[in-house]
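Source file query-v5.txt; content: compact mmCIF, C-alpha atoms and all ligand atoms.
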```txt
# COMPACT_ATOMS: atom_id res chain seq x y z
CA MET A 1447 -184.23 57.30 -84.05
CA THR A 1448 -185.13 54.45 -81.68
CA GLU A 1449 -183.26 51.12 -81.78
CA THR A 1450 -186.39 49.38 -83.16
CA ARG A 1451 -186.80 51.88 -86.02
CA LEU A 1452 -183.10 51.73 -86.79
CA ARG A 1453 -183.28 47.91 -86.98
CA SER A 1454 -186.40 48.01 -89.19
CA PHE A 1455 -184.65 50.44 -91.50
CA THR A 1456 -181.42 48.36 -91.65
CA HIS A 1457 -183.34 45.11 -92.22
CA LEU A 1458 -185.45 46.64 -94.99
CA ALA A 1459 -182.33 48.10 -96.64
CA GLY A 1460 -180.53 44.71 -96.32
CA TYR A 1461 -183.41 42.75 -97.86
CA ALA A 1462 -183.89 45.37 -100.60
CA PHE A 1463 -180.19 45.28 -101.49
CA ALA A 1464 -180.16 41.46 -101.52
CA SER A 1465 -183.39 41.30 -103.59
CA PHE A 1466 -181.88 43.65 -106.16
CA PHE A 1467 -178.61 41.69 -106.29
CA ILE A 1468 -180.30 38.29 -106.58
CA ALA A 1469 -182.85 39.60 -109.12
CA SER A 1470 -179.99 40.81 -111.31
CA LEU A 1471 -178.41 37.31 -111.01
CA ALA A 1472 -181.77 35.84 -112.08
CA PHE A 1473 -181.95 38.18 -115.05
CA GLN A 1474 -178.38 37.33 -116.15
CA ASN A 1475 -179.14 33.60 -116.00
CA LEU A 1476 -182.36 34.07 -117.94
CA ARG A 1477 -180.47 35.98 -120.64
CA TYR A 1478 -177.91 33.19 -121.01
CA GLY A 1479 -180.58 30.49 -120.88
CA PHE A 1480 -179.53 28.92 -117.54
CA TYR A 1481 -183.10 28.22 -116.54
CA ASP A 1482 -182.27 26.13 -113.44
CA LEU A 1483 -180.22 29.00 -112.05
CA PHE A 1484 -182.87 31.50 -113.06
CA PHE A 1485 -185.47 29.60 -111.01
CA LEU A 1486 -183.03 29.32 -108.09
CA ALA A 1487 -182.38 33.08 -108.10
CA ALA A 1488 -186.08 33.86 -108.56
CA GLY A 1489 -186.91 31.65 -105.53
CA MET A 1490 -184.24 33.37 -103.44
CA ALA A 1491 -185.43 36.82 -104.55
CA LEU A 1492 -188.97 35.86 -103.52
CA LEU A 1493 -187.68 34.90 -100.06
CA THR A 1494 -185.80 38.20 -99.65
CA VAL A 1495 -188.90 40.13 -100.74
CA ALA A 1496 -190.88 38.09 -98.18
CA GLY A 1497 -188.23 39.10 -95.61
CA ALA A 1498 -188.77 42.78 -96.46
CA GLY A 1499 -192.56 42.29 -96.13
CA TYR A 1500 -192.09 40.52 -92.79
CA THR A 1501 -189.86 43.38 -91.57
CA PHE A 1502 -192.54 45.89 -92.51
CA ILE A 1503 -195.33 43.93 -90.82
CA CYS A 1504 -193.28 43.42 -87.61
CA ARG A 1505 -191.70 46.89 -87.69
CA ARG A 1506 -192.65 47.53 -84.05
CA ARG A 1507 -191.10 44.25 -82.84
CA GLN A 1508 -187.84 44.14 -84.79
CA LEU A 1509 -185.67 43.52 -81.72
CA SER A 1510 -187.24 40.08 -81.31
CA ALA A 1511 -188.70 39.00 -84.66
CA PRO A 1512 -188.11 35.21 -84.95
CA GLY A 1513 -189.28 34.99 -88.60
CA HIS A 1514 -185.93 36.28 -89.89
CA LEU A 1515 -184.18 33.12 -88.71
CA ILE A 1516 -186.64 30.96 -90.68
CA ILE A 1517 -186.31 33.08 -93.85
CA LEU A 1518 -182.52 33.17 -93.71
CA THR A 1519 -182.23 29.45 -92.86
CA ALA A 1520 -184.40 28.73 -95.95
CA LEU A 1521 -182.20 31.01 -98.10
CA ASN A 1522 -178.95 29.44 -96.85
CA SER A 1523 -180.18 25.83 -97.16
CA GLY A 1524 -181.62 26.54 -100.61
CA LEU A 1525 -178.28 27.85 -101.78
CA VAL A 1526 -176.32 24.92 -100.29
CA ALA A 1527 -178.70 22.42 -101.97
CA ALA A 1528 -178.41 24.28 -105.29
CA MET A 1529 -174.61 24.48 -104.94
CA PHE A 1530 -174.28 20.68 -104.99
CA ALA A 1531 -177.21 20.00 -107.36
CA LEU A 1532 -176.74 22.73 -109.98
CA ASP A 1533 -173.06 23.68 -109.66
CA PRO A 1534 -173.71 27.39 -110.36
CA PRO A 1535 -170.77 29.25 -111.93
CA GLY A 1536 -169.16 31.97 -109.74
CA ILE A 1537 -170.70 30.48 -106.59
CA SER A 1538 -169.01 33.07 -104.32
CA HIS A 1539 -171.18 35.76 -106.01
CA TRP A 1540 -174.19 34.00 -104.54
CA VAL A 1541 -172.67 33.35 -101.11
CA MET A 1542 -171.34 36.85 -100.35
CA PRO A 1543 -174.62 38.82 -100.19
CA LEU A 1544 -176.15 36.03 -98.14
CA VAL A 1545 -173.32 36.15 -95.59
CA VAL A 1546 -173.76 39.93 -95.21
CA LEU A 1547 -177.53 39.49 -94.91
CA ASN A 1548 -177.16 36.80 -92.19
CA LEU A 1549 -174.93 39.03 -90.11
CA LEU A 1550 -176.90 42.22 -90.71
CA ILE A 1551 -180.29 40.83 -89.82
CA LEU A 1552 -179.88 38.04 -87.27
CA PRO A 1553 -178.55 38.36 -83.71
CA LEU A 1554 -174.75 38.06 -83.91
CA ARG A 1555 -174.47 34.45 -82.72
CA GLN A 1556 -177.19 33.11 -85.04
CA GLY A 1557 -175.84 35.12 -88.00
CA LEU A 1558 -172.32 33.86 -87.34
CA ILE A 1559 -173.40 30.20 -87.08
CA LEU A 1560 -175.41 30.34 -90.33
CA SER A 1561 -172.61 32.16 -92.17
CA LEU A 1562 -169.94 29.72 -90.96
CA LEU A 1563 -172.10 26.72 -91.98
CA LEU A 1564 -172.53 28.30 -95.41
CA LEU A 1565 -168.79 28.93 -95.60
CA VAL A 1566 -168.00 25.29 -94.69
CA ALA A 1567 -170.41 24.08 -97.41
CA LEU A 1568 -168.82 26.45 -99.92
CA ALA A 1569 -165.26 25.33 -99.04
CA LEU A 1570 -166.27 21.66 -99.32
CA PHE A 1571 -167.97 22.22 -102.65
CA LEU A 1572 -165.00 24.14 -104.07
CA LEU A 1573 -162.49 21.54 -102.83
CA LEU A 1574 -164.50 18.79 -104.57
CA SER A 1575 -165.08 20.67 -107.81
CA SER A 1576 -162.19 23.10 -108.47
CA PRO A 1577 -158.40 23.30 -108.24
CA MET A 1578 -157.06 23.49 -104.69
CA MET A 1579 -155.58 26.99 -105.07
CA TYR A 1580 -158.86 28.43 -106.36
CA ALA A 1581 -160.86 26.78 -103.55
CA VAL A 1582 -158.49 28.14 -100.87
CA THR A 1583 -158.48 31.68 -102.33
CA ILE A 1584 -162.26 31.98 -102.65
CA SER A 1585 -162.94 30.39 -99.24
CA SER A 1586 -160.39 32.68 -97.54
CA GLY A 1587 -161.97 35.73 -99.19
CA VAL A 1588 -165.44 34.77 -97.95
CA PHE A 1589 -164.00 33.95 -94.50
CA ALA A 1590 -162.39 37.43 -94.37
CA LEU A 1591 -165.76 38.96 -95.27
CA VAL A 1592 -167.50 36.98 -92.49
CA ALA A 1593 -164.82 37.98 -89.97
CA VAL A 1594 -164.88 41.71 -90.83
CA ALA A 1595 -168.70 41.90 -90.89
CA ALA A 1596 -168.96 39.97 -87.58
CA LEU A 1597 -166.32 42.18 -85.93
CA TYR A 1598 -168.08 45.32 -87.11
CA ILE A 1599 -171.46 44.11 -85.80
CA TRP A 1600 -169.97 43.02 -82.46
CA HIS A 1601 -168.36 46.47 -82.13
CA TYR A 1602 -171.68 48.18 -82.93
CA ASP A 1603 -173.61 46.04 -80.41
CA HIS A 1604 -170.99 46.73 -77.75
CA MET A 1605 -171.09 50.51 -78.35
CA ALA A 1606 -174.90 50.53 -78.33
CA GLN A 1607 -174.94 48.62 -75.03
CA SER A 1608 -172.37 50.98 -73.43
CA ALA A 1609 -174.32 54.04 -74.59
CA GLU A 1610 -177.52 52.57 -73.15
CA ASP A 1611 -175.80 51.76 -69.82
CA LEU A 1612 -174.36 55.28 -69.62
CA ALA A 1613 -177.76 56.83 -70.28
CA ILE A 1614 -179.43 55.02 -67.35
CA THR A 1615 -176.60 54.95 -64.79
CA ASP A 1616 -175.62 57.57 -62.23
CA PRO A 1617 -171.92 58.34 -62.85
CA VAL A 1618 -171.07 58.78 -59.15
CA THR A 1619 -172.83 55.82 -57.51
CA GLY A 1620 -173.25 53.33 -60.36
CA ALA A 1621 -176.94 52.85 -59.40
CA HIS A 1622 -179.66 53.67 -61.94
CA ASN A 1623 -180.44 57.35 -62.45
CA ALA A 1624 -183.66 59.38 -62.19
CA ARG A 1625 -184.18 59.19 -65.96
CA PHE A 1626 -184.64 55.42 -65.77
CA LEU A 1627 -186.84 55.55 -62.68
CA ASP A 1628 -190.18 56.54 -64.24
CA GLU A 1629 -189.72 54.09 -67.11
CA THR A 1630 -189.06 51.14 -64.76
CA LEU A 1631 -191.71 52.16 -62.25
CA GLN A 1632 -194.38 52.32 -64.97
CA LYS A 1633 -193.37 48.84 -66.18
CA GLU A 1634 -193.48 47.48 -62.63
CA ILE A 1635 -196.93 49.03 -62.04
CA SER A 1636 -198.24 47.41 -65.25
CA ARG A 1637 -196.68 44.08 -64.23
CA ALA A 1638 -198.18 44.30 -60.73
CA ILE A 1639 -201.64 45.02 -62.20
CA ALA A 1640 -201.39 42.23 -64.80
CA MET A 1641 -200.13 39.62 -62.32
CA SER A 1642 -202.05 40.91 -59.28
CA HIS A 1643 -198.96 41.05 -57.09
CA SER A 1644 -197.97 43.69 -54.57
CA LEU A 1645 -195.51 46.47 -55.31
CA SER A 1646 -193.90 48.86 -52.83
CA VAL A 1647 -191.54 51.80 -53.11
CA ILE A 1648 -189.21 53.60 -50.72
CA SER A 1649 -187.88 57.14 -50.91
CA LEU A 1650 -184.73 57.59 -48.81
CA ALA A 1651 -182.92 60.82 -47.93
CA ILE A 1652 -179.68 61.39 -46.02
CA ASP A 1653 -180.43 63.46 -42.93
CA TYR A 1654 -178.65 66.82 -42.85
CA ALA A 1655 -177.18 66.21 -46.32
CA GLU A 1656 -176.34 69.89 -46.87
CA GLU A 1657 -174.47 70.13 -43.57
CA ALA A 1658 -172.62 66.91 -44.37
CA GLU A 1659 -171.54 68.33 -47.73
CA ASP A 1660 -170.34 71.57 -46.10
CA LEU A 1661 -168.39 69.53 -43.56
CA HIS A 1662 -166.85 66.87 -45.81
CA GLY A 1663 -166.80 68.66 -49.18
CA GLN A 1664 -168.13 67.36 -52.47
CA ALA A 1665 -165.58 64.55 -52.65
CA GLY A 1666 -166.52 63.36 -49.16
CA MET A 1667 -170.20 63.46 -50.06
CA GLN A 1668 -169.60 61.47 -53.22
CA ARG A 1669 -167.71 58.86 -51.22
CA LEU A 1670 -170.65 58.64 -48.78
CA LEU A 1671 -173.13 58.27 -51.66
CA ARG A 1672 -171.03 55.47 -53.14
CA ASP A 1673 -170.72 53.68 -49.77
CA LEU A 1674 -174.45 54.00 -49.09
CA THR A 1675 -175.24 52.66 -52.57
CA GLN A 1676 -173.04 49.64 -51.94
CA HIS A 1677 -174.67 49.10 -48.57
CA LEU A 1678 -178.19 49.32 -50.07
CA PHE A 1679 -177.24 46.86 -52.81
CA ASP A 1680 -176.04 44.48 -50.07
CA VAL A 1681 -179.28 44.79 -48.09
CA ILE A 1682 -181.93 44.56 -50.83
CA ARG A 1683 -182.79 41.36 -52.63
CA ALA A 1684 -182.44 40.42 -56.31
CA GLY A 1685 -185.33 41.92 -58.26
CA ASP A 1686 -185.39 45.13 -56.21
CA THR A 1687 -183.94 48.16 -58.03
CA LEU A 1688 -182.12 51.18 -56.68
CA TYR A 1689 -181.97 54.74 -58.10
CA THR A 1690 -179.84 57.71 -57.11
CA LEU A 1691 -181.72 61.02 -57.26
CA GLU A 1692 -180.49 64.54 -56.54
CA ASP A 1693 -179.56 66.01 -53.12
CA GLY A 1694 -178.55 62.79 -51.41
CA GLU A 1695 -181.84 61.00 -52.13
CA PHE A 1696 -182.40 57.40 -53.22
CA PHE A 1697 -185.43 55.55 -54.53
CA LEU A 1698 -186.15 51.83 -54.28
CA ILE A 1699 -188.68 49.81 -56.28
CA LEU A 1700 -189.63 46.59 -54.51
CA PRO A 1701 -191.73 44.19 -56.61
CA PHE A 1702 -193.65 41.39 -54.83
CA THR A 1703 -193.47 43.33 -51.56
CA PRO A 1704 -196.62 44.01 -49.49
CA GLU A 1705 -197.06 46.62 -46.76
CA GLU A 1706 -195.66 44.40 -43.97
CA GLY A 1707 -192.62 43.63 -46.17
CA VAL A 1708 -191.80 47.23 -47.03
CA ARG A 1709 -192.07 48.17 -43.37
CA VAL A 1710 -189.57 45.39 -42.50
CA ILE A 1711 -187.03 46.32 -45.19
CA ALA A 1712 -187.33 50.10 -44.59
CA GLU A 1713 -186.71 49.59 -40.87
CA ARG A 1714 -183.78 47.27 -41.63
CA ILE A 1715 -182.20 49.88 -43.94
CA ARG A 1716 -182.67 52.66 -41.37
CA ARG A 1717 -181.18 50.60 -38.54
CA THR A 1718 -178.18 49.20 -40.43
CA ILE A 1719 -177.20 52.63 -41.76
CA ALA A 1720 -177.43 54.25 -38.33
CA GLU A 1721 -175.40 51.45 -36.73
CA GLN A 1722 -172.39 51.77 -39.08
CA ASN A 1723 -169.37 54.00 -38.85
CA TRP A 1724 -168.95 55.41 -42.34
CA PRO A 1725 -165.48 56.23 -43.72
CA LEU A 1726 -164.94 60.04 -43.68
CA ALA A 1727 -168.54 60.80 -42.59
CA GLY A 1728 -168.62 58.80 -39.32
CA LYS A 1729 -172.21 58.44 -38.06
CA VAL A 1730 -174.94 58.94 -40.66
CA THR A 1731 -178.71 58.60 -40.44
CA VAL A 1732 -181.41 58.48 -43.10
CA SER A 1733 -185.17 59.13 -43.24
CA LEU A 1734 -187.38 56.84 -45.26
CA GLY A 1735 -190.86 57.27 -46.69
CA CYS A 1736 -192.59 54.17 -48.03
CA THR A 1737 -195.84 53.08 -49.58
CA THR A 1738 -197.50 50.15 -51.35
CA ARG A 1739 -199.44 50.29 -54.61
CA ALA A 1740 -203.18 50.47 -54.04
CA SER A 1741 -205.72 49.29 -56.60
CA THR A 1742 -206.31 52.86 -57.79
CA ASP A 1743 -202.61 53.57 -58.45
CA THR A 1744 -202.03 53.10 -62.17
CA ARG A 1745 -199.49 55.83 -62.91
CA THR A 1746 -195.99 56.52 -61.59
CA ALA A 1747 -197.11 59.97 -60.41
CA ASP A 1748 -199.58 58.36 -57.95
CA LEU A 1749 -196.86 56.38 -56.17
CA ARG A 1750 -194.18 59.06 -56.41
CA LYS A 1751 -196.43 61.71 -54.91
CA ARG A 1752 -197.48 59.50 -52.00
CA VAL A 1753 -193.96 58.27 -51.22
CA ARG A 1754 -192.67 61.87 -51.29
CA HIS A 1755 -195.38 62.80 -48.82
CA ALA A 1756 -194.31 59.83 -46.63
CA LEU A 1757 -190.68 61.01 -46.74
CA GLU A 1758 -191.74 64.52 -45.68
CA GLU A 1759 -193.72 63.02 -42.80
CA ALA A 1760 -190.67 60.98 -41.75
CA ARG A 1761 -188.50 64.11 -41.83
CA LYS A 1762 -191.02 66.05 -39.76
CA ARG A 1763 -190.57 63.42 -37.07
CA GLY A 1764 -186.87 64.21 -36.91
CA ALA A 1765 -183.88 62.36 -38.32
CA ASP A 1766 -183.50 58.58 -38.43
CA SER A 1767 -187.16 57.67 -38.94
CA VAL A 1768 -189.48 55.70 -41.22
CA TRP A 1769 -193.01 56.69 -42.25
CA TYR A 1770 -195.50 54.55 -44.16
CA SER A 1771 -198.29 56.21 -46.21
CA GLN A 1772 -201.36 54.15 -46.94
CA GLY A 1773 -202.87 54.33 -50.45
CA ASP A 1774 -206.54 54.29 -51.38
CA VAL A 1775 -207.70 50.75 -50.62
CA ARG A 1776 -210.98 50.86 -52.55
CA PRO A 1777 -211.30 47.77 -54.75
CA SER A 1778 -210.70 48.47 -58.46
N1 LIG B 1801 -188.39 43.66 -51.60
C1 LIG B 1801 -187.80 43.25 -50.47
N2 LIG B 1801 -188.53 42.81 -49.45
C2 LIG B 1801 -187.90 42.39 -48.34
C3 LIG B 1801 -186.49 42.38 -48.22
N3 LIG B 1801 -186.18 41.92 -46.98
C4 LIG B 1801 -187.35 41.65 -46.39
N4 LIG B 1801 -188.40 41.94 -47.19
C5 LIG B 1801 -189.82 41.79 -46.93
O1 LIG B 1801 -190.00 41.56 -45.56
C6 LIG B 1801 -190.60 40.30 -45.34
C7 LIG B 1801 -190.00 39.66 -44.14
O2 LIG B 1801 -188.62 39.55 -44.36
P1 LIG B 1801 -187.63 38.86 -43.32
O3 LIG B 1801 -187.88 39.41 -41.98
O4 LIG B 1801 -186.25 38.95 -43.86
O5 LIG B 1801 -188.15 37.38 -43.24
P2 LIG B 1801 -187.92 36.24 -44.31
O6 LIG B 1801 -189.08 35.32 -44.15
O7 LIG B 1801 -186.56 35.71 -44.11
O8 LIG B 1801 -188.01 36.99 -45.73
P3 LIG B 1801 -187.81 36.34 -47.19
O9 LIG B 1801 -187.32 34.95 -47.01
O10 LIG B 1801 -186.82 37.25 -47.86
O11 LIG B 1801 -189.17 36.41 -47.83
C8 LIG B 1801 -190.35 39.52 -46.63
O12 LIG B 1801 -191.32 38.54 -46.86
C9 LIG B 1801 -190.39 40.61 -47.66
O13 LIG B 1801 -191.73 40.92 -48.02
C10 LIG B 1801 -185.73 42.85 -49.33
O14 LIG B 1801 -184.50 42.89 -49.34
N5 LIG B 1801 -186.42 43.26 -50.44
```
Is it possible to give me this structure as structure tokens?
Ligand SMILES: Nc1nc2c(ncn2[C@@H]2O[C@H](COP(=O)(O)OP(=O)(O)OP(=O)(O)O)[C@@H](O)[C@H]2O)c(=O)[nH]1
Amino acid sequence: MTETRLRSFTHLAGYAFASFFIASLAFQNLRYGFYDLFFLAAGMALLTVAGAGYTFICRRRQLSAPGHLIILTALNSGLVAAMFALDPPGISHWVMPLVVLNLLILPLRQGLILSLLLLVALALFLLLSSPMMYAVTISSGVFALVAVAALYIWHYDHMAQSAEDLAITDPVTGAHNARFLDETLQKEISRAIAMSHSLSVISLAIDYAEEAEDLHGQAGMQRLLRDLTQHLFDVIRAGDTLYTLEDGEFFLILPFTPEEGVRVIAERIRRTIAEQNWPLAGKVTVSLGCTTRASTDTRTADLRKRVRHALEEARKRGADSVWYSQGDVRPS
């Protein structure tokens, strides 16, 4: 299940649970003839049903749906206003589902701020209207609920982020992995087309990688890959992205970089690597193939095929070389 579908499902379940809970409060108040409270609960239930409808309509954009903040702010402010105007009995019964809903649906910081504001209003109301001991007990209970729910959601967010990082990162070098390459390259191609800016890519391979591995062992090779990654990160500029592929190969995506630019940076990478003395490996050289997106390149395969061809051409010319392959320059 994708993150977006999971969020849509959780939000729908949260709103459905809250609607059911608040509707049962409305029904209770209707039975006992507390019409003010019945209308309050009915209004809140309408808002939670609207929230469920909004979740359904925006089910493909749940990670950034701003309407939830408006709905939940209306629910929280409505309850605070009713708290002071109507003095509903068992006010914590009304506050608790709303606190859980805030934290479940909104981004953690927004949910926490709304819940704490609601908690402060509740504590103030109880201090003004009930015995001190009762006010402290109920407020502490709601505070504990806020704290546990917030901690749980923080933990979940943290785990989800770590899992996502692990899925797109090469464990040896810490650069992005091949799995993430096609996804990012396709996004960059779409961005380059939409904004009419240039986009270049580089494919880089360590010369004589197999011989180097035989000579220095797997651990030595991993050290070299890590050192080269660090070096490449130092050379490229912010906005460029680096990927570690198999067999000592790297891939670079360079947005806003025309042909002259990719030639400059490829040459700079080649020269600076050849000039260094690498720990364990000593002298190392690399071959680089590079290309720039042409107007007919709309898919990742177009660029990847051409840059691979450029790398093969560079290798044919011996170690320590750069080759640029020109794309189709016909206007789109
Ligand atoms: N994507 C990318 N392009 C680079 C980088 N370094 C140089 N280039 C390209 O090469 C061109 C010339 O770069 P330089 O020789 O460093 O000259 P520069 O005028 O100092 O380059 P910038 O101020 O970085 O634009 C730049 O305009 C870029 O297109 C880099 O690290 N990343």
(request) List all protein, DNA and RNA residues that have at least one atom no more than 8 Å from any atom of ligand LIG 1801 (chain B), counting all atoms listed in the file, and write them as a VMD selection string. (result) chain A and resid 1646 1681 to 1686 1699 to 1711 1714
(message) Taking all atoms listed in the file into account, name the residue in A:Leu1670, A:Leu1515, A:Leu1726, A:Val1647 that is nearest to Tyr1770 (chain A).
(response)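 Smallest distance to Tyr1770 (chain A) is found for A:Val1647.
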(request) To one decimal in Å, tell me the separation between CA of Glu1656 (chain A) and CA of Glu1692 (chain A). (result)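 These two atoms are separated by 11.8 Å.
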(request) Find the residue from A:Ile1517, A:Ile1635, A:Leu1560, A:Leu1627 that sits nearest to Asp1748 (chain A); use only C-alpha atoms when measuring. (result)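 Smallest separation from Asp1748 (chain A) among the options: A:Ile1635.
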Region 1486-1555 of chain A residues near region 1565-1580 of chain A within 10 Å, closest pair each, using all atoms listed in the file, as a tab-separated table:
```
residue	atom	partner	partner_atom	distance
A:Ser1523	CA	A:Ala1567	CA	9.9
A:Leu1525	CA	A:Leu1568	CA	9.7
A:Val1526	CA	A:Ala1567	CA	6.6
A:Ala1527	CA	A:Ala1567	CA	9.6
A:Met1529	CA	A:Phe1571	CA	7.4
A:Phe1530	CA	A:Phe1571	CA	6.9
A:Asp1533	CA	A:Ser1575	CA	8.7
A:Ile1537	CA	A:Leu1568	CA	8.0
A:Ser1538	CA	A:Leu1568	CA	8.0
A:Val1541	CA	A:Leu1568	CA	8.0
A:Met1542	CA	A:Leu1565	CA	9.6
A:Val1545	CA	A:Leu1565	CA	8.5
```
(request) Identify the residues within 12 Å of coordinate (-200.5, 50.8, -52.7) (same frame as the file), considering all atoms listed in the file, and give the answer as a ChimeraX atom specification. (result) /A:1635,1638-1639,1642-1648,1700-1706,1708,1736-1746,1748-1753,1770-1778
(request) Around the point (-170.1, 58.4, -41.7), in the coordinates given by the file, pick out the residues reaching within 12 Å, counting only C-alpha atoms, and return them as a ChimeraX atom specification. (result) /A:1652-1653,1655,1658-1659,1661-1662,1666-1674,1719-1732
(request) Grab the CA of Leu1631 (chain A) to CA of Leu1734 (chain A) distance for me, in Å with one decimal place. (result) 18.1 Å
(message) For a quick check of understanding, using all atoms listed in the file, which of A:Ala1531, A:Asp1628, A:Gly1489, A:Gln1556 has the smallest distance to Pro1512 (chain A)?
(response)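 Under the stated criterion, the closest residue is A:Gln1556.
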(request) Give the answer as one residue: which of A:Ala1581, A:Ile1614, A:Leu1678, A:Ala1747 has the shortest atom-to-atom distance to Gln1632 (chain A), using only C-alpha atoms? (result)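 That would be A:Ala1747, the residue with the smallest distance to Gln1632 (chain A).
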(request) Kindly give the distance, in Å, that separates CA of Pro1553 (chain A) and CA of Ser1510 (chain A), rounded to a single decimal. (result)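 Interatomic distance here is 9.2 Å.
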(message) Between A:Phe1697, A:Asp1680, A:Gly1460, A:Ser1454, which residue has the minimum interatomic distance to Phe1626 (chain A), considering all atoms listed in the file?
(response) A:Phe1697
(message) Ranking A:Ile1559, A:Gly1620, A:Gly1536, A:Cys1504 by minimum distance to Ile1584 (chain A) and counting all atoms listed in the file, which one comes first?
(response) A:Gly1536
Output requested as a tab-separated table (two decimals), in the frame of the given file - region 1503-1509 of chain A, filled out with all heavy atoms.
```
chain	number	residue	atom	x	y	z
A	1503	ILE	N	-194.19	44.31	-91.67
A	1503	ILE	CA	-195.33	43.93	-90.82
A	1503	ILE	C	-194.94	43.97	-89.34
A	1503	ILE	O	-195.70	44.43	-88.50
A	1503	ILE	CB	-195.85	42.52	-91.21
A	1503	ILE	CG1	-196.47	42.60	-92.60
A	1503	ILE	CG2	-196.88	42.00	-90.21
A	1503	ILE	CD1	-196.71	41.26	-93.24
A	1504	CYS	N	-193.72	43.47	-89.03
A	1504	CYS	CA	-193.28	43.42	-87.61
A	1504	CYS	C	-192.40	44.61	-87.26
A	1504	CYS	O	-191.49	44.50	-86.45
A	1504	CYS	CB	-192.50	42.15	-87.34
A	1504	CYS	SG	-193.42	40.68	-87.66
A	1505	ARG	N	-192.64	45.77	-87.88
A	1505	ARG	CA	-191.70	46.89	-87.69
A	1505	ARG	C	-191.64	47.38	-86.24
A	1505	ARG	O	-190.69	48.01	-85.85
A	1505	ARG	CB	-192.02	48.03	-88.65
A	1505	ARG	CG	-193.38	48.65	-88.49
A	1505	ARG	CD	-193.68	49.57	-89.67
A	1505	ARG	NE	-194.98	50.17	-89.58
A	1505	ARG	CZ	-196.11	49.54	-89.87
A	1505	ARG	NH1	-196.09	48.29	-90.28
A	1505	ARG	NH2	-197.27	50.16	-89.77
A	1506	ARG	N	-192.69	47.08	-85.45
A	1506	ARG	CA	-192.65	47.53	-84.05
A	1506	ARG	C	-192.00	46.50	-83.14
A	1506	ARG	O	-191.84	46.72	-81.96
A	1506	ARG	CB	-194.06	47.81	-83.54
A	1506	ARG	CG	-194.70	48.94	-84.29
A	1506	ARG	CD	-195.98	49.41	-83.64
A	1506	ARG	NE	-196.82	50.13	-84.58
A	1506	ARG	CZ	-196.52	51.29	-85.12
A	1506	ARG	NH1	-195.41	51.90	-84.79
A	1506	ARG	NH2	-197.31	51.87	-85.99
A	1507	ARG	N	-191.67	45.32	-83.69
A	1507	ARG	CA	-191.10	44.25	-82.84
A	1507	ARG	C	-189.80	43.72	-83.43
A	1507	ARG	O	-189.49	42.54	-83.34
A	1507	ARG	CB	-192.09	43.09	-82.71
A	1507	ARG	CG	-193.34	43.44	-81.95
A	1507	ARG	CD	-194.28	42.27	-81.83
A	1507	ARG	NE	-195.01	42.02	-83.07
A	1507	ARG	CZ	-194.91	40.92	-83.80
A	1507	ARG	NH1	-194.10	39.96	-83.43
A	1507	ARG	NH2	-195.61	40.78	-84.90
A	1508	GLN	N	-189.03	44.61	-84.07
A	1508	GLN	CA	-187.84	44.14	-84.79
A	1508	GLN	C	-186.75	43.58	-83.89
A	1508	GLN	O	-185.91	42.80	-84.32
A	1508	GLN	CB	-187.26	45.26	-85.64
A	1508	GLN	CG	-187.91	45.38	-86.99
A	1508	GLN	CD	-187.91	44.07	-87.76
A	1508	GLN	OE1	-186.88	43.59	-88.17
A	1508	GLN	NE2	-189.09	43.48	-87.94
A	1509	LEU	N	-186.76	43.99	-82.58
A	1509	LEU	CA	-185.67	43.52	-81.72
A	1509	LEU	C	-185.83	42.04	-81.41
A	1509	LEU	O	-184.89	41.37	-81.03
A	1509	LEU	CB	-185.63	44.34	-80.42
A	1509	LEU	CG	-185.23	45.81	-80.63
A	1509	LEU	CD1	-185.24	46.55	-79.31
A	1509	LEU	CD2	-183.86	45.92	-81.28
```
